[in-house]
Every structure is written in structure tokens, then in C-alpha cells.
Amino acid sequence: MAQVICIPGERLGSADHYKAGEGTYVRYGFIFSSLAGYKRTTPIKDGEIPELRVTSREQSSVIPEVRSIVTAKIVAVATRFCSCSILGVEGKPLKETFRGMIRREDIRSTEKDKVEVYKSFRPGDIVMARVLSLGDARSYLLTTAENELGVVLAQSEAGVTLVPISWCEMICPKTHIKEFRKVAKVHPDYIQKT
């Protein structure tokens, strides 16, 4: 059986003939898709009407594991560590975020005693990091102590995306003010050409 692809807002069927399931909503007596994905219908049972639902993909649960690369957003910066929300694992987005923590000694692999957290990360920065350990019950321990790990996306105080100019500095293209960051050396294969 061919899979039917649907988009948000697409009318899938009548509420008289189907029940609205996951990924759908009812309006004006019709069932509509609330997300892009595949239309699914449950088999008819004794006297019940079938259920219409929309699934975006085969749902798989991804969780951070030791040594995996994660994408995270910096939430808060303190003197000895910064806390973050893990948004994705190995390039796959997560349904729900996990908490992570990058300690001062895990930011760089050299001159660990000279690292200042506020000169490496700021709240709102998007970073690539590696999971060091599962940490405690509250958060995963992360590291950016590799050249390919660190800040990949950051905004200046003027609200403009910063441009990296070295491994420890980014510049605002609007105000030309330099800001300190622990910049990731992004591999050319991962840069999208527009």
C-alpha cells in the first residue's frame, strides 16, 4: 500500500467517518493534518470507526550517549561552568531537550587553568559538544576540548549573527565589535552552500 503524504492544514476526511488521532485536529466537521508526514488509518474493529493519524516519520527515541556529538544551546554561564539544553544528538533533533553542563576544565584541551567561561560562551550560543559522561541525575557532562567542537552559531548584542575570525574570537559584521568565544572549526563537508 502506497503511503499518502500530507501537509499541515490538509483535509484528511470527515469527522463522521473517522476519529481524529495523533497529528490531527477537527474543524467544521472535518479532520485536518496538524503536521507534515504520512497519513495512517487504524484497522476497523467491531462497530468502531477507524482513527486517522499523521506521523512525521518512524518515531525513534534518540538519547545522548557517552562519546556522541550533541548540539546544545547555552542557557546560563557561571564562573566554573555553563549549563545548556541539548537539542540534538549526532545531527538528529530531539523531541524533548536534556540538560547538559560544560565545566571550565572541559572547554579547551590546553591551558585549562587560564580558561574563563564567560570568554568562551554566552547565553543563547549554539555549540557542538561531545558527551563525556552521563553526569548526575540533573545533567550530562559535556566537553568542547577538540578543535571541531565549540560555538557554531552566536548573536552579537546588536542581534546580528557573529562571524568567526579565529579559534577564540568572533566579530559582528554590523558594529565590527570583536567578542570572545571558543569557536568550533567546522569541517567543510558540513557547511551548506547557498
# chains A, B, ... in the order shown; residues from 1 in each chain; ligands from 1
>>> select_by_dssp(residues="region 60-131 of chain A", states="strand (DSSP E)", output="mmCIF file with all heavy atoms, in the first residue's frame")
data_model
loop_
_atom_site.group_PDB
_atom_site.id
_atom_site.type_symbol
_atom_site.label_atom_id
_atom_site.label_comp_id
_atom_site.auth_asym_id
_atom_site.auth_seq_id
_atom_site.Cartn_x
_atom_site.Cartn_y
_atom_site.Cartn_z
ATOM 1 N N ILE A 69 28.278 13.161 19.661
ATOM 2 C CA ILE A 69 28.338 14.599 19.428
ATOM 3 C C ILE A 69 26.921 15.154 19.562
ATOM 4 O O ILE A 69 25.985 14.626 18.970
ATOM 5 C CB ILE A 69 28.881 14.917 18.015
ATOM 6 C CG1 ILE A 69 30.287 14.350 17.827
ATOM 7 C CG2 ILE A 69 28.840 16.419 17.737
ATOM 8 C CD1 ILE A 69 31.362 15.075 18.590
ATOM 9 N N VAL A 70 26.780 16.229 20.335
ATOM 10 C CA VAL A 70 25.470 16.832 20.552
ATOM 11 C C VAL A 70 25.480 18.299 20.144
ATOM 12 O O VAL A 70 26.532 18.945 20.125
ATOM 13 C CB VAL A 70 25.018 16.711 22.031
ATOM 14 C CG1 VAL A 70 24.863 15.265 22.426
ATOM 15 C CG2 VAL A 70 25.964 17.426 22.965
ATOM 16 N N THR A 71 24.309 18.791 19.792
ATOM 17 C CA THR A 71 24.108 20.212 19.537
ATOM 18 C C THR A 71 23.358 20.757 20.740
ATOM 19 O O THR A 71 22.355 20.178 21.155
ATOM 20 C CB THR A 71 23.271 20.419 18.262
ATOM 21 O OG1 THR A 71 23.889 19.733 17.187
ATOM 22 C CG2 THR A 71 23.150 21.891 17.928
ATOM 23 N N ALA A 72 23.861 21.836 21.307
ATOM 24 C CA ALA A 72 23.257 22.366 22.532
ATOM 25 C C ALA A 72 23.178 23.885 22.473
ATOM 26 O O ALA A 72 23.920 24.541 21.749
ATOM 27 C CB ALA A 72 24.078 21.933 23.744
ATOM 28 N N LYS A 73 22.257 24.422 23.263
ATOM 29 C CA LYS A 73 22.105 25.873 23.391
ATOM 30 C C LYS A 73 22.488 26.268 24.805
ATOM 31 O O LYS A 73 21.977 25.702 25.769
ATOM 32 C CB LYS A 73 20.653 26.266 23.111
ATOM 33 C CG LYS A 73 20.408 27.756 23.172
ATOM 34 C CD LYS A 73 18.976 28.068 22.798
ATOM 35 C CE LYS A 73 18.764 29.576 22.757
ATOM 36 N NZ LYS A 73 17.409 29.906 22.313
ATOM 37 N N ILE A 74 23.391 27.227 24.918
ATOM 38 C CA ILE A 74 23.845 27.691 26.233
ATOM 39 C C ILE A 74 22.699 28.456 26.909
ATOM 40 O O ILE A 74 22.108 29.353 26.318
ATOM 41 C CB ILE A 74 25.082 28.606 26.106
ATOM 42 C CG1 ILE A 74 26.222 27.882 25.384
ATOM 43 C CG2 ILE A 74 25.526 29.114 27.468
ATOM 44 C CD1 ILE A 74 26.761 26.663 26.082
ATOM 45 N N VAL A 75 22.414 28.062 28.146
ATOM 46 C CA VAL A 75 21.312 28.664 28.888
ATOM 47 C C VAL A 75 21.824 29.658 29.926
ATOM 48 O O VAL A 75 21.287 30.753 30.066
ATOM 49 C CB VAL A 75 20.467 27.566 29.581
ATOM 50 C CG1 VAL A 75 19.370 28.162 30.424
ATOM 51 C CG2 VAL A 75 19.879 26.620 28.548
ATOM 52 N N ALA A 76 22.887 29.272 30.652
ATOM 53 C CA ALA A 76 23.419 30.147 31.706
ATOM 54 C C ALA A 76 24.925 29.958 31.804
ATOM 55 O O ALA A 76 25.441 28.863 31.550
ATOM 56 C CB ALA A 76 22.762 29.826 33.037
ATOM 57 N N VAL A 77 25.613 31.017 32.173
ATOM 58 C CA VAL A 77 27.068 30.979 32.313
ATOM 59 C C VAL A 77 27.439 31.387 33.734
ATOM 60 O O VAL A 77 26.990 32.428 34.219
ATOM 61 C CB VAL A 77 27.748 31.921 31.293
ATOM 62 C CG1 VAL A 77 29.251 31.934 31.481
ATOM 63 C CG2 VAL A 77 27.389 31.523 29.870
ATOM 64 N N PHE A 81 31.393 26.879 35.337
ATOM 65 C CA PHE A 81 30.738 26.024 34.346
ATOM 66 C C PHE A 81 29.661 26.823 33.617
ATOM 67 O O PHE A 81 29.332 27.939 34.004
ATOM 68 C CB PHE A 81 30.106 24.799 35.017
ATOM 69 C CG PHE A 81 28.964 25.121 35.931
ATOM 70 C CD1 PHE A 81 27.654 25.119 35.467
ATOM 71 C CD2 PHE A 81 29.192 25.448 37.265
ATOM 72 C CE1 PHE A 81 26.606 25.443 36.305
ATOM 73 C CE2 PHE A 81 28.136 25.768 38.106
ATOM 74 C CZ PHE A 81 26.841 25.767 37.625
ATOM 75 N N CYS A 82 29.122 26.223 32.556
ATOM 76 C CA CYS A 82 27.937 26.788 31.911
ATOM 77 C C CYS A 82 26.931 25.665 31.721
ATOM 78 O O CYS A 82 27.301 24.507 31.551
ATOM 79 C CB CYS A 82 28.272 27.473 30.592
ATOM 80 S SG CYS A 82 28.841 26.393 29.311
ATOM 81 N N SER A 83 25.678 26.000 31.807
ATOM 82 C CA SER A 83 24.635 24.984 31.623
ATOM 83 C C SER A 83 23.983 25.203 30.263
ATOM 84 O O SER A 83 23.960 26.310 29.735
ATOM 85 C CB SER A 83 23.599 25.062 32.740
ATOM 86 O OG SER A 83 23.050 26.346 32.818
ATOM 87 N N CYS A 84 23.484 24.103 29.711
ATOM 88 C CA CYS A 84 22.915 24.165 28.378
ATOM 89 C C CYS A 84 21.778 23.168 28.215
ATOM 90 O O CYS A 84 21.600 22.266 29.030
ATOM 91 C CB CYS A 84 23.991 23.925 27.333
ATOM 92 S SG CYS A 84 24.924 22.408 27.551
ATOM 93 N N SER A 85 21.015 23.346 27.145
ATOM 94 C CA SER A 85 19.953 22.428 26.770
ATOM 95 C C SER A 85 20.407 21.674 25.532
ATOM 96 O O SER A 85 20.747 22.303 24.524
ATOM 97 C CB SER A 85 18.667 23.182 26.443
ATOM 98 O OG SER A 85 18.151 23.791 27.579
ATOM 99 N N ILE A 86 20.408 20.351 25.598
ATOM 100 C CA ILE A 86 20.816 19.534 24.452
ATOM 101 C C ILE A 86 19.630 19.447 23.500
ATOM 102 O O ILE A 86 18.558 18.982 23.868
ATOM 103 C CB ILE A 86 21.284 18.145 24.909
ATOM 104 C CG1 ILE A 86 22.495 18.287 25.842
ATOM 105 C CG2 ILE A 86 21.610 17.266 23.709
ATOM 106 C CD1 ILE A 86 22.937 16.988 26.486
ATOM 107 N N LEU A 87 19.844 19.903 22.257
ATOM 108 C CA LEU A 87 18.781 19.972 21.259
ATOM 109 C C LEU A 87 18.805 18.823 20.267
ATOM 110 O O LEU A 87 17.782 18.481 19.686
ATOM 111 C CB LEU A 87 18.875 21.294 20.486
ATOM 112 C CG LEU A 87 18.921 22.565 21.325
ATOM 113 C CD1 LEU A 87 19.211 23.765 20.445
ATOM 114 C CD2 LEU A 87 17.630 22.748 22.072
ATOM 115 N N GLY A 88 20.001 18.239 20.040
ATOM 116 C CA GLY A 88 20.125 17.177 19.053
ATOM 117 C C GLY A 88 21.305 16.287 19.349
ATOM 118 O O GLY A 88 22.255 16.688 20.025
ATOM 119 N N VAL A 89 21.243 15.056 18.840
ATOM 120 C CA VAL A 89 22.319 14.076 19.021
ATOM 121 C C VAL A 89 22.715 13.547 17.658
ATOM 122 O O VAL A 89 21.861 13.054 16.907
ATOM 123 C CB VAL A 89 21.859 12.908 19.922
ATOM 124 C CG1 VAL A 89 22.960 11.878 20.072
ATOM 125 C CG2 VAL A 89 21.409 13.406 21.276
ATOM 126 N N LYS A 92 20.560 14.487 14.773
ATOM 127 C CA LYS A 92 19.125 14.170 14.833
ATOM 128 C C LYS A 92 18.482 15.022 15.923
ATOM 129 O O LYS A 92 18.936 15.005 17.061
ATOM 130 C CB LYS A 92 18.918 12.694 15.145
ATOM 131 C CG LYS A 92 19.438 11.788 14.060
ATOM 132 C CD LYS A 92 19.274 10.341 14.436
ATOM 133 C CE LYS A 92 19.939 9.486 13.382
ATOM 134 N NZ LYS A 92 20.526 8.295 13.932
ATOM 135 N N PRO A 93 17.418 15.757 15.584
ATOM 136 C CA PRO A 93 16.764 16.583 16.601
ATOM 137 C C PRO A 93 16.053 15.727 17.645
ATOM 138 O O PRO A 93 15.588 14.633 17.350
ATOM 139 C CB PRO A 93 15.759 17.415 15.804
ATOM 140 C CG PRO A 93 15.551 16.669 14.537
ATOM 141 C CD PRO A 93 16.794 15.879 14.277
ATOM 142 N N LEU A 94 16.005 16.227 18.867
ATOM 143 C CA LEU A 94 15.334 15.524 19.960
ATOM 144 C C LEU A 94 13.906 16.023 20.120
ATOM 145 O O LEU A 94 13.620 17.189 19.866
ATOM 146 C CB LEU A 94 16.089 15.761 21.271
ATOM 147 C CG LEU A 94 17.521 15.232 21.327
ATOM 148 C CD1 LEU A 94 18.188 15.706 22.611
ATOM 149 C CD2 LEU A 94 17.531 13.724 21.259
ATOM 150 N N LYS A 95 13.015 15.134 20.561
ATOM 151 C CA LYS A 95 11.634 15.534 20.830
ATOM 152 C C LYS A 95 11.592 16.432 22.058
ATOM 153 O O LYS A 95 10.844 17.380 22.119
ATOM 154 C CB LYS A 95 10.770 14.306 21.079
ATOM 155 C CG LYS A 95 10.464 13.513 19.862
ATOM 156 C CD LYS A 95 9.529 12.394 20.239
ATOM 157 C CE LYS A 95 9.243 11.505 19.072
ATOM 158 N NZ LYS A 95 8.353 10.402 19.435
ATOM 159 N N GLU A 96 12.400 16.094 23.056
ATOM 160 C CA GLU A 96 12.482 16.901 24.267
ATOM 161 C C GLU A 96 13.952 17.126 24.580
ATOM 162 O O GLU A 96 14.799 16.313 24.242
ATOM 163 C CB GLU A 96 11.773 16.221 25.427
ATOM 164 C CG GLU A 96 12.307 14.840 25.754
ATOM 165 C CD GLU A 96 11.449 14.127 26.781
ATOM 166 O OE1 GLU A 96 10.257 14.005 26.546
ATOM 167 O OE2 GLU A 96 12.021 13.720 27.803
ATOM 168 N N THR A 97 14.247 18.246 25.216
ATOM 169 C CA THR A 97 15.642 18.579 25.485
ATOM 170 C C THR A 97 16.138 17.884 26.749
ATOM 171 O O THR A 97 15.358 17.511 27.615
ATOM 172 C CB THR A 97 15.822 20.099 25.642
ATOM 173 O OG1 THR A 97 15.043 20.539 26.747
ATOM 174 C CG2 THR A 97 15.407 20.832 24.392
ATOM 175 N N PHE A 98 17.467 17.723 26.807
ATOM 176 C CA PHE A 98 18.135 17.222 28.005
ATOM 177 C C PHE A 98 19.033 18.329 28.513
ATOM 178 O O PHE A 98 19.494 19.174 27.743
ATOM 179 C CB PHE A 98 18.991 15.994 27.662
ATOM 180 C CG PHE A 98 18.196 14.788 27.254
ATOM 181 C CD1 PHE A 98 17.952 14.519 25.919
ATOM 182 C CD2 PHE A 98 17.697 13.916 28.204
ATOM 183 C CE1 PHE A 98 17.235 13.414 25.531
ATOM 184 C CE2 PHE A 98 16.965 12.806 27.828
ATOM 185 C CZ PHE A 98 16.732 12.549 26.484
ATOM 186 N N ARG A 99 19.300 18.319 29.815
ATOM 187 C CA ARG A 99 20.195 19.326 30.390
ATOM 188 C C ARG A 99 21.632 18.846 30.303
ATOM 189 O O ARG A 99 21.919 17.661 30.503
ATOM 190 C CB ARG A 99 19.818 19.611 31.833
ATOM 191 C CG ARG A 99 18.520 20.395 31.924
ATOM 192 C CD ARG A 99 18.264 20.897 33.291
ATOM 193 N NE ARG A 99 17.975 19.779 34.184
ATOM 194 C CZ ARG A 99 17.503 19.908 35.397
ATOM 195 N NH1 ARG A 99 17.294 21.095 35.889
ATOM 196 N NH2 ARG A 99 17.251 18.850 36.139
ATOM 197 N N GLY A 100 22.512 19.788 30.023
ATOM 198 C CA GLY A 100 23.938 19.489 29.955
ATOM 199 C C GLY A 100 24.730 20.537 30.703
ATOM 200 O O GLY A 100 24.230 21.624 30.999
ATOM 201 N N MET A 101 25.993 20.200 30.988
ATOM 202 C CA MET A 101 26.863 21.131 31.696
ATOM 203 C C MET A 101 28.271 21.010 31.113
ATOM 204 O O MET A 101 28.766 19.898 30.900
ATOM 205 C CB MET A 101 26.885 20.790 33.187
ATOM 206 C CG MET A 101 27.772 21.699 33.989
ATOM 207 S SD MET A 101 27.628 21.443 35.771
ATOM 208 C CE MET A 101 28.368 19.844 35.956
ATOM 209 N N ILE A 102 28.892 22.147 30.834
ATOM 210 C CA ILE A 102 30.282 22.189 30.373
ATOM 211 C C ILE A 102 31.092 22.849 31.476
ATOM 212 O O ILE A 102 30.900 24.032 31.770
ATOM 213 C CB ILE A 102 30.425 22.964 29.053
ATOM 214 C CG1 ILE A 102 29.502 22.399 27.972
ATOM 215 C CG2 ILE A 102 31.877 22.927 28.580
ATOM 216 C CD1 ILE A 102 29.429 23.226 26.705
ATOM 217 N N ARG A 103 31.987 22.072 32.106
ATOM 218 C CA ARG A 103 32.828 22.624 33.175
ATOM 219 C C ARG A 103 33.981 23.419 32.569
ATOM 220 O O ARG A 103 34.364 23.204 31.413
ATOM 221 C CB ARG A 103 33.377 21.492 34.038
ATOM 222 C CG ARG A 103 32.288 20.683 34.723
ATOM 223 C CD ARG A 103 32.862 19.550 35.497
ATOM 224 N NE ARG A 103 33.614 18.658 34.586
ATOM 225 C CZ ARG A 103 34.094 17.485 34.922
ATOM 226 N NH1 ARG A 103 33.944 17.033 36.142
ATOM 227 N NH2 ARG A 103 34.746 16.744 34.052
ATOM 228 N N ILE A 126 24.815 28.571 20.210
ATOM 229 C CA ILE A 126 24.614 27.180 19.806
ATOM 230 C C ILE A 126 25.997 26.548 19.691
ATOM 231 O O ILE A 126 26.869 27.076 19.001
ATOM 232 C CB ILE A 126 23.869 27.072 18.457
ATOM 233 C CG1 ILE A 126 22.527 27.812 18.511
ATOM 234 C CG2 ILE A 126 23.680 25.612 18.060
ATOM 235 C CD1 ILE A 126 21.537 27.256 19.509
ATOM 236 N N VAL A 127 26.208 25.433 20.395
ATOM 237 C CA VAL A 127 27.518 24.783 20.427
ATOM 238 C C VAL A 127 27.423 23.321 20.009
ATOM 239 O O VAL A 127 26.379 22.696 20.134
ATOM 240 C CB VAL A 127 28.162 24.863 21.833
ATOM 241 C CG1 VAL A 127 28.356 26.295 22.267
ATOM 242 C CG2 VAL A 127 27.356 24.109 22.863
ATOM 243 N N MET A 128 28.529 22.834 19.494
ATOM 244 C CA MET A 128 28.706 21.408 19.256
ATOM 245 C C MET A 128 29.606 20.916 20.388
ATOM 246 O O MET A 128 30.623 21.538 20.686
ATOM 247 C CB MET A 128 29.395 21.147 17.914
ATOM 248 C CG MET A 128 28.615 21.646 16.719
ATOM 249 S SD MET A 128 27.085 20.767 16.459
ATOM 250 C CE MET A 128 27.675 19.217 15.872
ATOM 251 N N ALA A 129 29.211 19.812 21.029
ATOM 252 C CA ALA A 129 29.971 19.281 22.159
ATOM 253 C C ALA A 129 29.931 17.758 22.124
ATOM 254 O O ALA A 129 29.111 17.161 21.429
ATOM 255 C CB ALA A 129 29.408 19.798 23.474
ATOM 256 N N ARG A 130 30.821 17.153 22.877
ATOM 257 C CA ARG A 130 30.862 15.697 22.992
ATOM 258 C C ARG A 130 30.444 15.320 24.410
ATOM 259 O O ARG A 130 30.815 15.989 25.374
ATOM 260 C CB ARG A 130 32.267 15.167 22.707
ATOM 261 C CG ARG A 130 32.343 13.644 22.678
ATOM 262 C CD ARG A 130 33.729 13.150 22.304
ATOM 263 N NE ARG A 130 34.182 13.596 21.010
ATOM 264 C CZ ARG A 130 33.838 13.026 19.841
ATOM 265 N NH1 ARG A 130 33.014 12.013 19.829
ATOM 266 N NH2 ARG A 130 34.331 13.478 18.712
ATOM 267 N N VAL A 131 29.661 14.244 24.541
ATOM 268 C CA VAL A 131 29.219 13.783 25.848
ATOM 269 C C VAL A 131 30.384 13.077 26.536
ATOM 270 O O VAL A 131 30.915 12.097 26.013
ATOM 271 C CB VAL A 131 28.013 12.832 25.735
ATOM 272 C CG1 VAL A 131 27.609 12.312 27.099
ATOM 273 C CG2 VAL A 131 26.838 13.529 25.064
#
>>> atom_distance(atom1="CA of Ala145 (chain A)", atom2="CA of Thr110 (chain A)")
8.1 Å
>>> residues_around(residues="Glu116 (chain A)", least_positions_apart="3", cutoff="10 Å", atoms="only C-alpha atoms", output="ChimeraX atom specification")
/A:78-81,104-105,107,112-113,119-121
>>> write_last_selection(atoms="all heavy atoms", output="mmCIF file, in the first residue's frame")
data_model
loop_
_atom_site.group_PDB
_atom_site.id
_atom_site.type_symbol
_atom_site.label_atom_id
_atom_site.label_comp_id
_atom_site.auth_asym_id
_atom_site.auth_seq_id
_atom_site.Cartn_x
_atom_site.Cartn_y
_atom_site.Cartn_z
ATOM 1 N N ALA A 78 28.252 30.558 34.391
ATOM 2 C CA ALA A 78 28.762 30.853 35.728
ATOM 3 C C ALA A 78 30.287 30.892 35.646
ATOM 4 O O ALA A 78 30.864 30.702 34.583
ATOM 5 C CB ALA A 78 28.292 29.791 36.719
ATOM 6 N N THR A 79 30.948 31.126 36.764
ATOM 7 C CA THR A 79 32.414 31.243 36.731
ATOM 8 C C THR A 79 33.111 29.902 36.523
ATOM 9 O O THR A 79 34.172 29.848 35.924
ATOM 10 C CB THR A 79 32.944 31.872 38.028
ATOM 11 O OG1 THR A 79 32.461 31.107 39.125
ATOM 12 C CG2 THR A 79 32.511 33.305 38.150
ATOM 13 N N ARG A 80 32.514 28.786 36.992
ATOM 14 C CA ARG A 80 33.178 27.484 36.894
ATOM 15 C C ARG A 80 32.564 26.549 35.858
ATOM 16 O O ARG A 80 33.127 25.519 35.551
ATOM 17 C CB ARG A 80 33.169 26.806 38.264
ATOM 18 C CG ARG A 80 33.909 27.668 39.298
ATOM 19 C CD ARG A 80 34.222 26.951 40.562
ATOM 20 N NE ARG A 80 35.173 25.880 40.309
ATOM 21 C CZ ARG A 80 35.041 24.657 40.801
ATOM 22 N NH1 ARG A 80 34.024 24.352 41.558
ATOM 23 N NH2 ARG A 80 35.943 23.750 40.534
ATOM 24 N N PHE A 81 31.393 26.879 35.337
ATOM 25 C CA PHE A 81 30.738 26.024 34.346
ATOM 26 C C PHE A 81 29.661 26.823 33.617
ATOM 27 O O PHE A 81 29.332 27.939 34.004
ATOM 28 C CB PHE A 81 30.106 24.799 35.017
ATOM 29 C CG PHE A 81 28.964 25.121 35.931
ATOM 30 C CD1 PHE A 81 27.654 25.119 35.467
ATOM 31 C CD2 PHE A 81 29.192 25.448 37.265
ATOM 32 C CE1 PHE A 81 26.606 25.443 36.305
ATOM 33 C CE2 PHE A 81 28.136 25.768 38.106
ATOM 34 C CZ PHE A 81 26.841 25.767 37.625
ATOM 35 N N ARG A 104 34.543 24.330 33.347
ATOM 36 C CA ARG A 104 35.635 25.174 32.879
ATOM 37 C C ARG A 104 36.813 24.353 32.361
ATOM 38 O O ARG A 104 37.386 24.659 31.318
ATOM 39 C CB ARG A 104 36.096 26.094 34.019
ATOM 40 C CG ARG A 104 37.142 27.097 33.577
ATOM 41 C CD ARG A 104 37.497 28.038 34.665
ATOM 42 N NE ARG A 104 38.248 27.314 35.702
ATOM 43 C CZ ARG A 104 38.588 27.810 36.855
ATOM 44 N NH1 ARG A 104 38.238 29.030 37.162
ATOM 45 N NH2 ARG A 104 39.280 27.105 37.716
ATOM 46 N N GLU A 105 37.145 23.255 33.040
ATOM 47 C CA GLU A 105 38.288 22.437 32.625
ATOM 48 C C GLU A 105 38.004 21.590 31.383
ATOM 49 O O GLU A 105 38.923 21.009 30.810
ATOM 50 C CB GLU A 105 38.766 21.542 33.771
ATOM 51 C CG GLU A 105 37.713 20.621 34.332
ATOM 52 C CD GLU A 105 36.930 21.193 35.497
ATOM 53 O OE1 GLU A 105 36.905 22.424 35.678
ATOM 54 O OE2 GLU A 105 36.324 20.396 36.222
ATOM 55 N N ILE A 107 36.468 22.928 28.592
ATOM 56 C CA ILE A 107 36.245 23.827 27.461
ATOM 57 C C ILE A 107 37.347 23.701 26.424
ATOM 58 O O ILE A 107 37.075 23.578 25.233
ATOM 59 C CB ILE A 107 36.095 25.284 27.944
ATOM 60 C CG1 ILE A 107 34.801 25.420 28.755
ATOM 61 C CG2 ILE A 107 36.095 26.253 26.769
ATOM 62 C CD1 ILE A 107 34.583 26.771 29.394
ATOM 63 N N LYS A 112 44.155 24.821 30.449
ATOM 64 C CA LYS A 112 42.874 24.677 31.139
ATOM 65 C C LYS A 112 42.736 25.632 32.321
ATOM 66 O O LYS A 112 41.638 26.077 32.637
ATOM 67 C CB LYS A 112 42.686 23.240 31.623
ATOM 68 C CG LYS A 112 42.533 22.253 30.499
ATOM 69 C CD LYS A 112 42.344 20.869 31.031
ATOM 70 C CE LYS A 112 42.195 19.882 29.892
ATOM 71 N NZ LYS A 112 41.814 18.563 30.340
ATOM 72 N N ASP A 113 43.848 25.964 32.964
ATOM 73 C CA ASP A 113 43.794 26.838 34.133
ATOM 74 C C ASP A 113 43.550 28.305 33.763
ATOM 75 O O ASP A 113 43.154 29.104 34.599
ATOM 76 C CB ASP A 113 45.074 26.705 34.960
ATOM 77 C CG ASP A 113 46.334 26.967 34.142
ATOM 78 O OD1 ASP A 113 46.292 26.748 32.910
ATOM 79 O OD2 ASP A 113 47.342 27.386 34.722
ATOM 80 N N LYS A 119 34.333 34.110 28.570
ATOM 81 C CA LYS A 119 35.026 34.434 27.324
ATOM 82 C C LYS A 119 34.915 33.306 26.303
ATOM 83 O O LYS A 119 35.409 33.425 25.192
ATOM 84 C CB LYS A 119 36.504 34.728 27.593
ATOM 85 C CG LYS A 119 36.745 36.079 28.234
ATOM 86 C CD LYS A 119 38.210 36.386 28.279
ATOM 87 C CE LYS A 119 38.443 37.797 28.783
ATOM 88 N NZ LYS A 119 39.879 38.132 28.807
ATOM 89 N N SER A 120 34.264 32.228 26.692
ATOM 90 C CA SER A 120 34.102 31.092 25.791
ATOM 91 C C SER A 120 32.673 30.949 25.287
ATOM 92 O O SER A 120 32.443 30.594 24.130
ATOM 93 C CB SER A 120 34.513 29.799 26.499
ATOM 94 O OG SER A 120 35.857 29.860 26.917
ATOM 95 N N PHE A 121 31.710 31.195 26.158
ATOM 96 C CA PHE A 121 30.302 31.017 25.813
ATOM 97 C C PHE A 121 29.462 32.144 26.396
ATOM 98 O O PHE A 121 29.811 32.708 27.425
ATOM 99 C CB PHE A 121 29.759 29.691 26.369
ATOM 100 C CG PHE A 121 30.561 28.491 25.975
ATOM 101 C CD1 PHE A 121 31.281 27.780 26.923
ATOM 102 C CD2 PHE A 121 30.604 28.058 24.663
ATOM 103 C CE1 PHE A 121 32.019 26.670 26.577
ATOM 104 C CE2 PHE A 121 31.338 26.953 24.298
ATOM 105 C CZ PHE A 121 32.049 26.251 25.255
#
>>> residues_around(residues="Phe32 (chain A)", least_positions_apart="3", cutoff="10 Å", atoms="only C-alpha atoms", output="ChimeraX atom specification")
/A:6-15,20,23-29,35,52-54
>>> residues_around(residues="Val152 (chain A)", least_positions_apart="6", cutoff="10 Å", atoms="only C-alpha atoms", output="list in words")
Thr71, Asp125, Ile126, Val127, Met128, Leu162, Val163, Pro164, Arg181, Lys182, Val183, Ala184, Lys185 and Val186 of chain A
>>> select_by_dssp(residues="region 37-139 of chain A", states="helix (DSSP H, G or I)", output="MDAnalysis selection string")
chainID A and resid 104:106 112:114 117:119
>>> write_last_selection(atoms="N, CA and C atoms", output="short mmCIF file (atom, residue, chain, number, x, y, z; two decimals), in the first residue's frame")
data_model
loop_
_atom_site.label_atom_id
_atom_site.label_comp_id
_atom_site.auth_asym_id
_atom_site.auth_seq_id
_atom_site.Cartn_x
_atom_site.Cartn_y
_atom_site.Cartn_z
N ARG A 104 34.54 24.33 33.35
CA ARG A 104 35.64 25.17 32.88
C ARG A 104 36.81 24.35 32.36
N GLU A 105 37.15 23.25 33.04
CA GLU A 105 38.29 22.44 32.63
C GLU A 105 38.00 21.59 31.38
N ASP A 106 36.74 21.55 30.92
CA ASP A 106 36.38 20.77 29.74
C ASP A 106 36.15 21.64 28.51
N LYS A 112 44.15 24.82 30.45
CA LYS A 112 42.87 24.68 31.14
C LYS A 112 42.74 25.63 32.32
N ASP A 113 43.85 25.96 32.96
CA ASP A 113 43.79 26.84 34.13
C ASP A 113 43.55 28.31 33.76
N LYS A 114 43.76 28.67 32.48
CA LYS A 114 43.58 30.06 32.06
C LYS A 114 42.20 30.31 31.42
N VAL A 117 35.12 31.08 31.52
CA VAL A 117 33.89 30.59 30.90
C VAL A 117 33.17 31.69 30.13
N TYR A 118 33.07 32.88 30.69
CA TYR A 118 32.34 33.96 30.03
C TYR A 118 33.03 34.44 28.75
N LYS A 119 34.33 34.11 28.57
CA LYS A 119 35.03 34.43 27.32
C LYS A 119 34.91 33.31 26.30
#
>>> residues_around(residues="Tyr38 (chain A)", least_positions_apart="2", cutoff="7 Å", atoms="only C-alpha atoms", output="ChimeraX atom specification")
/A:3-6,40,54-56
>>> atom_distance(atom1="CA of Leu149 (chain A)", atom2="CA of His176 (chain A)")
24.5 Å
>>> atom_distance(atom1="CA of Gly135 (chain A)", atom2="CA of Arg67 (chain A)")
13.0 Å
>>> closest_residue(among="A:Glu65, A:Leu132, A:His17, A:Gly124", to="Glu48 (chain A)", atoms="only C-alpha atoms")
A:His17
>>> residues_around(residues="Ile165 (chain A)", least_positions_apart="5", cutoff="9 Å", atoms="only C-alpha atoms", output="list in words")
Met170, Ile171, Lys178 and Val183 of chain A
>>> write_last_selection(atoms="N, CA and C atoms", output="short mmCIF file (atom, residue, chain, number, x, y, z; two decimals), in the first residue's frame")
data_model
loop_
_atom_site.label_atom_id
_atom_site.label_comp_id
_atom_site.auth_asym_id
_atom_site.auth_seq_id
_atom_site.Cartn_x
_atom_site.Cartn_y
_atom_site.Cartn_z
N MET A 170 35.03 36.09 17.56
CA MET A 170 34.03 36.28 16.51
C MET A 170 33.80 37.77 16.40
N ILE A 171 33.34 38.20 15.22
CA ILE A 171 33.13 39.63 15.00
C ILE A 171 31.71 39.88 14.52
N LYS A 178 34.55 42.92 18.24
CA LYS A 178 35.00 41.54 18.42
C LYS A 178 34.52 41.02 19.77
N VAL A 183 35.48 29.02 19.53
CA VAL A 183 34.91 28.78 18.21
C VAL A 183 35.21 27.37 17.71
#
